[in-house]
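One file, my_file03.tsv, is given below (TSV, C-alpha atoms).
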chain	number	residue	atom	x	y	z
A	10	MET	CA	66.44	148.05	102.30
A	11	ALA	CA	69.89	149.40	101.45
A	12	LEU	CA	72.42	147.04	102.95
A	13	THR	CA	75.77	148.51	103.81
A	14	LEU	CA	78.65	146.62	105.35
A	15	ALA	CA	79.27	147.58	108.97
A	16	PRO	CA	82.73	149.11	109.56
A	17	ASN	CA	83.55	146.36	112.07
A	18	LEU	CA	82.32	143.49	109.85
A	19	THR	CA	85.86	142.64	108.69
A	20	ASP	CA	87.03	142.52	112.34
A	21	GLU	CA	84.21	140.14	113.26
A	22	VAL	CA	84.79	137.92	110.23
A	23	LEU	CA	88.55	137.79	110.87
A	24	ARG	CA	87.81	136.43	114.36
A	25	LEU	CA	86.28	133.31	112.80
A	26	PRO	CA	88.56	130.26	112.48
A	27	LEU	CA	87.11	129.89	108.97
A	28	PHE	CA	89.00	133.01	107.86
A	29	ALA	CA	92.25	132.37	109.76
A	30	GLY	CA	95.37	133.36	107.85
A	31	VAL	CA	93.60	135.77	105.47
A	32	SER	CA	94.77	139.38	105.21
A	33	ARG	CA	92.44	142.19	106.24
A	34	PRO	CA	92.38	143.89	102.78
A	35	ALA	CA	91.65	140.56	101.08
A	36	VAL	CA	88.70	139.84	103.41
A	37	THR	CA	87.30	143.35	103.04
A	38	ALA	CA	87.44	143.14	99.25
A	39	TRP	CA	85.97	139.64	99.28
A	40	LEU	CA	83.06	140.67	101.52
A	41	LYS	CA	82.31	143.69	99.31
A	42	ALA	CA	82.20	141.54	96.18
A	43	ARG	CA	79.69	139.01	97.57
A	44	LYS	CA	75.96	139.00	96.87
A	45	ARG	CA	73.96	140.40	99.79
A	46	PHE	CA	70.28	140.51	100.58
A	47	GLY	CA	67.98	141.71	103.32
A	48	PHE	CA	65.38	139.90	105.39
A	49	ASN	CA	62.39	140.86	107.52
A	50	HIS	CA	61.40	139.48	110.89
A	51	GLY	CA	60.43	135.83	110.62
A	52	GLN	CA	61.50	135.56	106.98
A	53	ALA	CA	63.33	132.33	106.17
A	54	LEU	CA	66.78	132.35	104.55
A	55	PHE	CA	66.15	128.66	104.13
A	56	ARG	CA	63.92	126.02	105.65
A	57	GLN	CA	64.62	122.65	107.15
A	58	GLY	CA	64.63	120.07	104.35
A	59	ASP	CA	65.51	122.57	101.57
A	60	PRO	CA	68.45	121.55	99.37
A	61	ALA	CA	71.55	123.31	100.73
A	62	GLY	CA	73.79	125.13	98.27
A	63	SER	CA	75.04	128.26	100.07
A	64	MET	CA	76.55	129.51	103.29
A	65	TYR	CA	75.56	132.87	104.78
A	66	ILE	CA	77.40	135.51	106.78
A	67	VAL	CA	75.25	137.84	108.91
A	68	ILE	CA	75.96	141.49	108.07
A	69	GLU	CA	73.07	143.12	109.91
A	70	GLY	CA	70.57	142.05	112.58
A	71	GLN	CA	70.25	138.52	113.87
A	72	VAL	CA	69.36	135.10	112.48
A	73	LEU	CA	67.68	132.35	114.47
A	74	VAL	CA	68.64	128.78	113.61
A	75	ALA	CA	65.84	126.46	114.68
A	76	ARG	CA	64.55	123.01	114.01
A	77	GLU	CA	61.04	121.64	113.98
A	78	SER	CA	60.78	118.47	116.05
A	79	GLY	CA	58.60	115.51	115.03
A	80	ALA	CA	55.93	116.87	117.38
A	81	GLY	CA	55.87	120.22	115.53
A	82	GLU	CA	57.67	122.04	118.33
A	83	GLN	CA	60.32	124.64	117.40
A	84	ILE	CA	63.73	123.88	118.94
A	85	LYS	CA	66.10	126.85	119.01
A	86	LEU	CA	69.65	125.80	118.13
A	87	ALA	CA	71.48	129.13	117.87
A	88	GLU	CA	71.06	132.86	117.38
A	89	LEU	CA	73.72	134.40	115.19
A	90	GLY	CA	74.81	138.02	114.87
A	91	LEU	CA	77.24	140.19	112.93
A	92	GLY	CA	79.97	138.28	111.12
A	93	GLN	CA	78.74	134.82	112.08
A	94	VAL	CA	78.40	132.04	109.52
A	95	ILE	CA	75.53	129.65	108.79
A	96	GLY	CA	75.68	126.46	106.70
A	97	GLU	CA	79.38	126.44	105.79
A	98	LEU	CA	79.36	122.73	104.87
A	99	SER	CA	76.95	123.55	102.03
A	100	VAL	CA	79.78	125.06	99.98
A	101	LEU	CA	81.43	121.64	99.87
A	102	SER	CA	78.64	119.19	99.21
A	103	PRO	CA	74.90	119.24	98.71
A	104	ALA	CA	72.59	117.96	101.44
A	105	ALA	CA	69.16	118.82	102.84
A	106	ARG	CA	69.15	121.63	105.44
A	107	SER	CA	68.98	120.11	108.91
A	108	ALA	CA	67.41	123.27	110.37
A	109	SER	CA	65.71	126.52	109.31
A	110	ALA	CA	67.32	129.99	109.44
A	111	LEU	CA	64.89	132.82	110.23
A	112	GLY	CA	65.34	136.57	110.48
A	113	VAL	CA	65.05	138.12	113.94
A	114	GLY	CA	63.91	141.66	113.19
A	115	ARG	CA	65.19	143.21	109.97
A	116	GLY	CA	68.69	142.41	108.83
A	117	GLY	CA	70.87	141.15	106.05
A	118	VAL	CA	73.28	138.45	104.99
A	119	ILE	CA	76.01	137.80	102.46
A	120	GLU	CA	75.46	134.66	100.43
A	121	VAL	CA	78.33	132.43	99.28
A	122	SER	CA	77.09	129.67	97.00
A	123	ARG	CA	78.90	126.47	96.13
A	124	GLY	CA	79.35	127.92	92.64
A	125	ASP	CA	80.92	131.12	94.07
A	126	MET	CA	83.31	129.00	96.08
A	127	GLU	CA	84.26	126.82	93.10
A	128	LEU	CA	84.81	129.88	90.93
A	129	GLY	CA	86.94	131.49	93.64
A	130	LEU	CA	89.06	128.35	93.87
A	131	ALA	CA	89.42	128.13	90.09
A	132	LEU	CA	90.64	131.75	90.06
A	133	ALA	CA	93.02	131.06	92.96
A	134	ASP	CA	91.28	133.66	95.15
A	135	PRO	CA	93.30	133.62	98.41
A	136	VAL	CA	90.17	133.98	100.56
A	137	ALA	CA	88.44	131.00	98.89
A	138	ILE	CA	91.62	128.93	99.26
A	139	ALA	CA	91.97	129.85	102.95
A	140	VAL	CA	88.28	129.12	103.62
A	141	LEU	CA	88.68	125.70	101.99
A	142	ARG	CA	91.78	124.94	104.03
A	143	ASN	CA	90.22	126.12	107.32
A	144	LEU	CA	86.94	124.36	106.64
A	145	SER	CA	88.85	121.13	105.98
A	146	LEU	CA	90.69	121.45	109.30
A	147	GLN	CA	87.42	122.17	111.13
A	148	LEU	CA	85.96	119.06	109.51
A	149	CYS	CA	88.90	117.01	110.80
A	150	GLU	CA	88.25	118.26	114.35
A	151	ARG	CA	84.51	117.64	114.12
A	152	ILE	CA	85.04	114.15	112.70
A	153	ARG	CA	87.43	113.26	115.53
A	154	ALA	CA	85.04	114.65	118.17
A	155	THR	CA	82.01	112.84	116.72
A	156	ASP	CA	83.98	109.62	116.30
A	157	ASP	CA	85.05	109.83	119.94
A	158	LYS	CA	81.44	110.35	121.09
A	159	LEU	CA	80.32	107.41	118.98
A	160	ALA	CA	83.01	105.14	120.40
A	161	ARG	CA	82.02	106.09	123.94
A	162	VAL	CA	78.28	105.69	123.34
A	163	HIS	CA	79.06	102.27	121.83
A	164	ALA	CA	80.94	101.44	125.02
A	165	ILE	CA	77.87	102.13	127.16
A	166	LEU	CA	75.72	100.03	124.84
A	167	HIS	CA	77.95	97.01	124.47
A	168	GLY	CA	80.60	97.08	127.15
A	169	THR	CA	78.72	96.94	130.45
A	170	PRO	CA	76.32	94.34	131.90
A	171	PRO	CA	72.76	95.81	132.11
A	172	GLU	CA	72.35	95.35	135.87
A	173	GLN	CA	75.64	97.16	136.51
A	174	LEU	CA	74.57	99.91	134.15
A	175	GLN	CA	71.23	100.42	135.91
A	176	GLN	CA	72.86	100.42	139.32
A	177	ASN	CA	75.33	103.08	138.28
A	178	LEU	CA	72.77	105.20	136.50
A	179	ARG	CA	70.62	105.31	139.64
A	180	GLY	CA	73.26	107.20	141.54
A	181	LEU	CA	74.19	109.53	138.74
A	182	ILE	CA	71.02	111.14	137.44
A	183	GLY	CA	67.74	112.55	138.71
A	184	PRO	CA	64.47	110.58	138.50
A	185	ASP	CA	63.19	112.17	135.26
A	186	ARG	CA	66.39	111.88	133.33
A	187	LYS	CA	66.96	108.44	134.78
A	188	ARG	CA	63.66	107.20	133.35
A	189	GLY	CA	64.49	108.74	129.97
A	190	LEU	CA	68.00	107.33	129.89
A	191	ALA	CA	66.91	103.90	131.13
A	192	SER	CA	64.24	103.55	128.43
A	193	TRP	CA	66.72	104.79	125.84
A	194	LEU	CA	69.19	102.13	126.96
A	195	ARG	CA	66.54	99.40	126.84
A	196	ARG	CA	65.64	100.34	123.28
A	197	ARG	CA	69.24	100.53	122.09
A	198	ARG	CA	70.58	97.31	123.59
B	25	MET	CA	90.76	100.00	88.49
B	26	ARG	CA	93.48	102.45	87.47
B	27	LEU	CA	94.22	105.41	89.75
B	28	ALA	CA	93.43	107.72	86.81
B	29	ASP	CA	89.86	106.30	86.72
B	30	THR	CA	89.03	106.99	90.38
B	31	THR	CA	86.63	109.75	91.47
B	32	LEU	CA	89.58	111.50	93.10
B	33	PHE	CA	91.45	111.83	89.83
B	34	LYS	CA	88.45	112.56	87.66
B	35	ALA	CA	87.79	115.66	89.81
B	36	LEU	CA	91.26	117.05	89.09
B	37	PRO	CA	92.15	119.34	86.18
B	38	PRO	CA	93.07	116.98	83.28
B	39	GLY	CA	96.46	118.59	82.68
B	40	SER	CA	97.57	118.02	86.27
B	41	ARG	CA	96.68	114.32	86.47
B	42	PRO	CA	99.87	112.82	84.97
B	43	SER	CA	102.18	114.70	87.36
B	44	LEU	CA	100.10	113.68	90.37
B	45	LEU	CA	100.01	110.01	89.39
B	46	GLY	CA	103.72	109.79	90.12
B	47	VAL	CA	103.27	111.12	93.66
B	48	PHE	CA	101.21	108.09	94.75
B	49	GLN	CA	102.95	104.88	95.77
B	50	THR	CA	101.48	101.50	94.93
B	51	VAL	CA	101.14	99.08	97.85
B	52	GLU	CA	100.14	95.41	97.60
B	53	LEU	CA	98.44	93.81	100.61
B	54	ALA	CA	97.97	90.07	101.02
B	55	GLN	CA	94.67	88.88	102.52
B	56	GLY	CA	94.63	89.64	106.26
B	57	GLN	CA	97.53	92.10	106.08
B	58	ALA	CA	97.00	95.61	107.47
B	59	LEU	CA	98.15	98.86	105.85
B	60	TRP	CA	97.82	100.61	109.21
B	61	ARG	CA	96.49	99.79	112.66
B	62	VAL	CA	94.28	101.71	115.05
B	63	GLY	CA	96.31	104.09	117.24
B	64	GLU	CA	99.36	104.22	114.95
B	65	PRO	CA	100.46	107.71	113.89
B	66	GLY	CA	98.66	108.52	110.64
B	67	ASP	CA	99.82	110.88	107.91
B	68	SER	CA	98.70	109.40	104.58
B	69	LEU	CA	95.70	108.73	102.39
B	70	ALA	CA	94.98	105.51	100.52
B	71	VAL	CA	92.84	104.75	97.48
B	72	LEU	CA	91.75	101.14	97.02
B	73	LEU	CA	92.39	100.09	93.41
B	74	GLU	CA	91.87	96.31	93.38
B	75	GLY	CA	90.53	93.73	95.83
B	76	GLY	CA	88.59	94.47	99.01
B	77	CYS	CA	89.51	95.94	102.39
B	78	GLU	CA	87.80	96.67	105.69
B	79	LEU	CA	88.04	99.21	108.50
B	80	SER	CA	87.81	97.83	112.02
B	81	ARG	CA	88.63	98.66	115.62
B	82	PRO	CA	88.47	96.94	118.99
B	83	SER	CA	85.14	97.36	120.81
B	84	GLY	CA	85.20	95.76	124.27
B	85	ASP	CA	86.42	92.22	123.74
B	86	ARG	CA	85.24	92.18	120.12
B	87	HIS	CA	86.78	93.48	116.92
B	88	ALA	CA	84.08	95.60	115.29
B	89	VAL	CA	84.08	96.00	111.50
B	90	LEU	CA	83.20	99.62	110.75
B	91	GLY	CA	82.91	99.29	107.00
B	92	GLN	CA	83.85	97.25	103.96
B	93	LEU	CA	85.60	98.99	101.12
B	94	ALA	CA	85.35	98.45	97.37
B	95	PRO	CA	87.75	99.69	94.66
B	96	GLY	CA	87.64	103.48	94.35
B	97	ALA	CA	87.27	104.04	98.11
B	98	LEU	CA	89.29	106.90	99.60
B	99	ILE	CA	90.57	106.15	103.11
B	100	GLY	CA	92.47	108.18	105.71
B	101	ALA	CA	91.87	111.64	104.24
B	102	LEU	CA	91.58	113.12	107.73
B	103	THR	CA	95.15	112.30	108.79
B	104	LEU	CA	96.51	113.71	105.54
B	105	LEU	CA	95.21	117.17	106.51
B	106	SER	CA	95.58	116.78	110.24
B	107	PRO	CA	98.10	114.09	111.20
B	108	GLY	CA	97.10	112.05	114.27
B	109	PRO	CA	96.45	108.53	115.53
B	110	ARG	CA	94.53	106.24	113.18
B	111	ALA	CA	90.92	105.82	114.30
B	112	SER	CA	90.69	102.33	112.78
B	113	THR	CA	92.70	99.48	111.29
B	114	LEU	CA	92.72	99.20	107.50
B	115	SER	CA	93.23	95.58	106.44
B	116	ALA	CA	92.73	93.47	103.33
B	117	ARG	CA	89.80	91.03	103.17
B	118	GLN	CA	91.38	89.66	100.01
B	119	ASP	CA	94.62	90.37	98.14
B	120	SER	CA	94.44	94.09	97.36
B	121	THR	CA	96.25	96.91	95.61
B	122	LEU	CA	96.20	100.44	97.02
B	123	ALA	CA	97.67	103.78	95.96
B	124	VAL	CA	99.05	105.75	98.90
B	125	LEU	CA	99.64	109.51	99.11
B	126	GLU	CA	102.00	110.43	101.96
B	127	GLY	CA	101.36	113.61	103.96
B	128	ARG	CA	104.81	114.99	103.13
B	129	ALA	CA	104.12	114.71	99.39
B	130	PHE	CA	100.65	116.22	99.82
B	131	ARG	CA	101.99	119.21	101.76
B	132	SER	CA	104.65	119.94	99.15
B	133	ILE	CA	101.90	119.97	96.48
B	134	TRP	CA	99.71	122.18	98.69
B	135	ARG	CA	102.49	124.74	99.13
B	136	THR	CA	102.49	125.34	95.37
B	137	ALA	CA	98.86	126.63	95.61
B	138	SER	CA	98.49	125.34	92.05
B	139	PRO	CA	95.05	124.45	90.59
B	140	THR	CA	95.97	120.80	91.19
B	141	ALA	CA	96.66	121.44	94.87
B	142	VAL	CA	93.39	123.34	95.33
B	143	GLN	CA	91.27	120.74	93.51
B	144	LEU	CA	92.94	117.91	95.43
B	145	GLN	CA	92.12	119.67	98.69
B	146	LEU	CA	88.53	120.28	97.52
B	147	VAL	CA	88.00	116.59	96.74
B	148	ILE	CA	89.44	115.63	100.12
B	149	ALA	CA	87.28	118.21	101.93
B	150	ARG	CA	84.16	116.86	100.19
B	151	THR	CA	85.08	113.35	101.30
B	152	LEU	CA	85.45	114.63	104.87
B	153	ALA	CA	82.08	116.43	104.73
B	154	LEU	CA	80.41	113.15	103.72
B	155	GLU	CA	82.28	111.29	106.46
B	156	LEU	CA	81.06	113.79	109.07
B	157	ARG	CA	77.47	113.49	107.85
B	158	ASP	CA	77.74	109.71	108.05
B	159	LEU	CA	79.07	109.87	111.63
B	160	ASP	CA	76.33	112.33	112.60
B	161	ALA	CA	73.76	109.92	111.15
B	162	GLN	CA	75.21	107.04	113.19
B	163	LEU	CA	75.18	109.14	116.35
B	164	SER	CA	71.57	110.19	115.65
B	165	THR	CA	70.54	106.57	115.29
B	166	LEU	CA	72.23	105.60	118.54
B	167	MET	CA	70.81	108.54	120.46
B	168	ASP	CA	67.34	108.39	118.89
B	169	ARG	CA	67.55	112.04	117.94
B	170	PRO	CA	68.79	114.08	114.96
B	171	ALA	CA	72.45	115.00	115.54
B	172	VAL	CA	71.70	118.71	115.16
B	173	GLU	CA	69.38	118.55	118.21
B	174	LEU	CA	71.90	116.78	120.40
B	175	GLN	CA	73.14	119.41	122.77
B	176	ASP	CA	76.71	118.92	123.87
B	177	ALA	CA	75.67	119.17	127.53
B	178	GLU	CA	73.37	116.21	127.09
B	179	LEU	CA	76.00	114.13	125.34
B	180	ARG	CA	78.57	115.11	127.93
B	181	HIS	CA	76.19	113.85	130.58
B	182	VAL	CA	75.84	110.47	128.86
B	183	LEU	CA	79.60	110.32	128.35
B	184	ARG	CA	80.27	111.10	132.01
B	185	VAL	CA	78.09	108.12	132.83
B	186	VAL	CA	80.16	106.07	130.40
B	187	ASP	CA	83.40	107.17	132.03
B	188	HIS	CA	82.05	106.34	135.46
B	189	LEU	CA	80.98	102.90	134.29
B	190	CYS	CA	84.38	102.24	132.79
B	191	GLU	CA	86.06	103.16	136.08
B	192	GLU	CA	83.64	100.90	137.94
B	193	ALA	CA	84.34	98.09	135.53
B	194	LEU	CA	88.09	98.50	136.02
B	195	ARG	CA	87.76	98.40	139.82
B	196	ARG	CA	85.75	95.17	139.71
Have the structure of the file written as structure tokens, please.
Amino acid sequence: MALTLAPNLTDEVLRLPLFAGVSRPAVTAWLKARKRFGFNHGQALFRQGDPAGSMYIVIEGQVLVARESGAGEQIKLAELGLGQVIGELSVLSPAARSASALGVGRGGVIEVSRGDMELGLALADPVAIAVLRNLSLQLCERIRATDDKLARVHAILHGTPPEQLQQNLRGLIGPDRKRGLASWLRRRR
Amino acid sequence: MRLADTTLFKALPPGSRPSLLGVFQTVELAQGQALWRVGEPGDSLAVLLEGGCELSRPSGDRHAVLGQLAPGALIGALTLLSPGPRASTLSARQDSTLAVLEGRAFRSIWRTASPTAVQLQLVIARTLALELRDLDAQLSTLMDRPAVELQDAELRHVLRVVDHLCEEALRR
């Protein structure tokens, strides 16, 4: 399949916080220079558990990001279209993929490997430098948000007497969720 | 441990290391002394060179230790890139030596867009990526589910319960 870059790809990519502060000509040239490949319906760009070494930008069609639960059930996490990015943390550090990315219909992606990123940075490519800067700032936000969630979940686990907790939960959630949450609390205390 | 022997410095281009060494300030902490406390405005990164430190923060009526640090540890990278309140207190478990990079110095290096600036930012970003993965793993353990499966709506629900409980507790 011949993969061409959609005329509005640069516009879509420039909307992403990851590319904030980059000039339009620089992004267009950068996108053109990247390795691209096509996929068919159901084909995996990567699978859950694979070692992660690249991020992808969708240039045609759609990509489903899904995870297989312990029970073998597929949990859909996101469906990404033109100009959207998958696996951006992979360009910073290796880790196993936490989910699979599968083609929805035929389509294509641009691949940016950790090596591409490091080469770009070594050559002082303004797009690579901006992506690094923006990715770092996104990481700061995500760390703060996750840290806040953790602190608050800790509060529920350690800061309230169990009987008070149960009493309050009763009024706040429906019977099914209440059972789930109550057993979760019992296990975690 | 010398600053030049830390992972941070080994990742930098060799030619740029000597100039960067001078940008760090050496700080000595006596046992029990804190370099910064939770909630204080943060705008610097520290590298532990000698001794041992710990990160802690209040949790209810306790003081929870979040982690113990050995020489080579990089602490506070987040506030260097995005200044804000410290999420934890950094204090010395024993007499310790740290090298501190102030945000102002870091930003003046970054503005040069030199290979040193870019590599320094890359090392910091990698540290942050590991920190995020570690926090995700902690959240997964607490919630009994992989972090990637935790929908924000679900967490928000649990957190609303938490808020409600806190208000109740305050009224009591």
Exercise for review: Could you please select, counting only C-alpha atoms, the residues of chain A within 7 Å of chain B and state them as an MDAnalysis selection string?
Suggested key: chainID A and resid 98 101:102 107 130:131 145:146 148:149 152 155:156 159 161:162 165 168 177 197
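Reported to one decimal place, the separation of atom CA of A:Val72 from atom CA of A:Arg33 is 24.9 Å.
Atom pair atom CA of A:Asn49 / atom CA of A:Phe28: separated by 27.7 Å.
Taking atom CA of B:Leu90 as the reference point, atom CA of A:Glu150 is found at 19.6 Å.
Proximity to stretch 89-95 of chain A at 7 Å, evaluated using only C-alpha atoms and with sequence-adjacent residues fewer than 5 positions away removed, yields Leu18, Glu21, Val22, Met64, Tyr65, Ile66, Val67, Ile68, Glu69, Gly70, Gln71, Val72 and Leu73 of chain A.
Counting only C-alpha atoms and comparing A:Thr19, A:Leu54, A:Gly114, A:Arg123, the residue that lies closest to A:Ala35 is A:Thr19.
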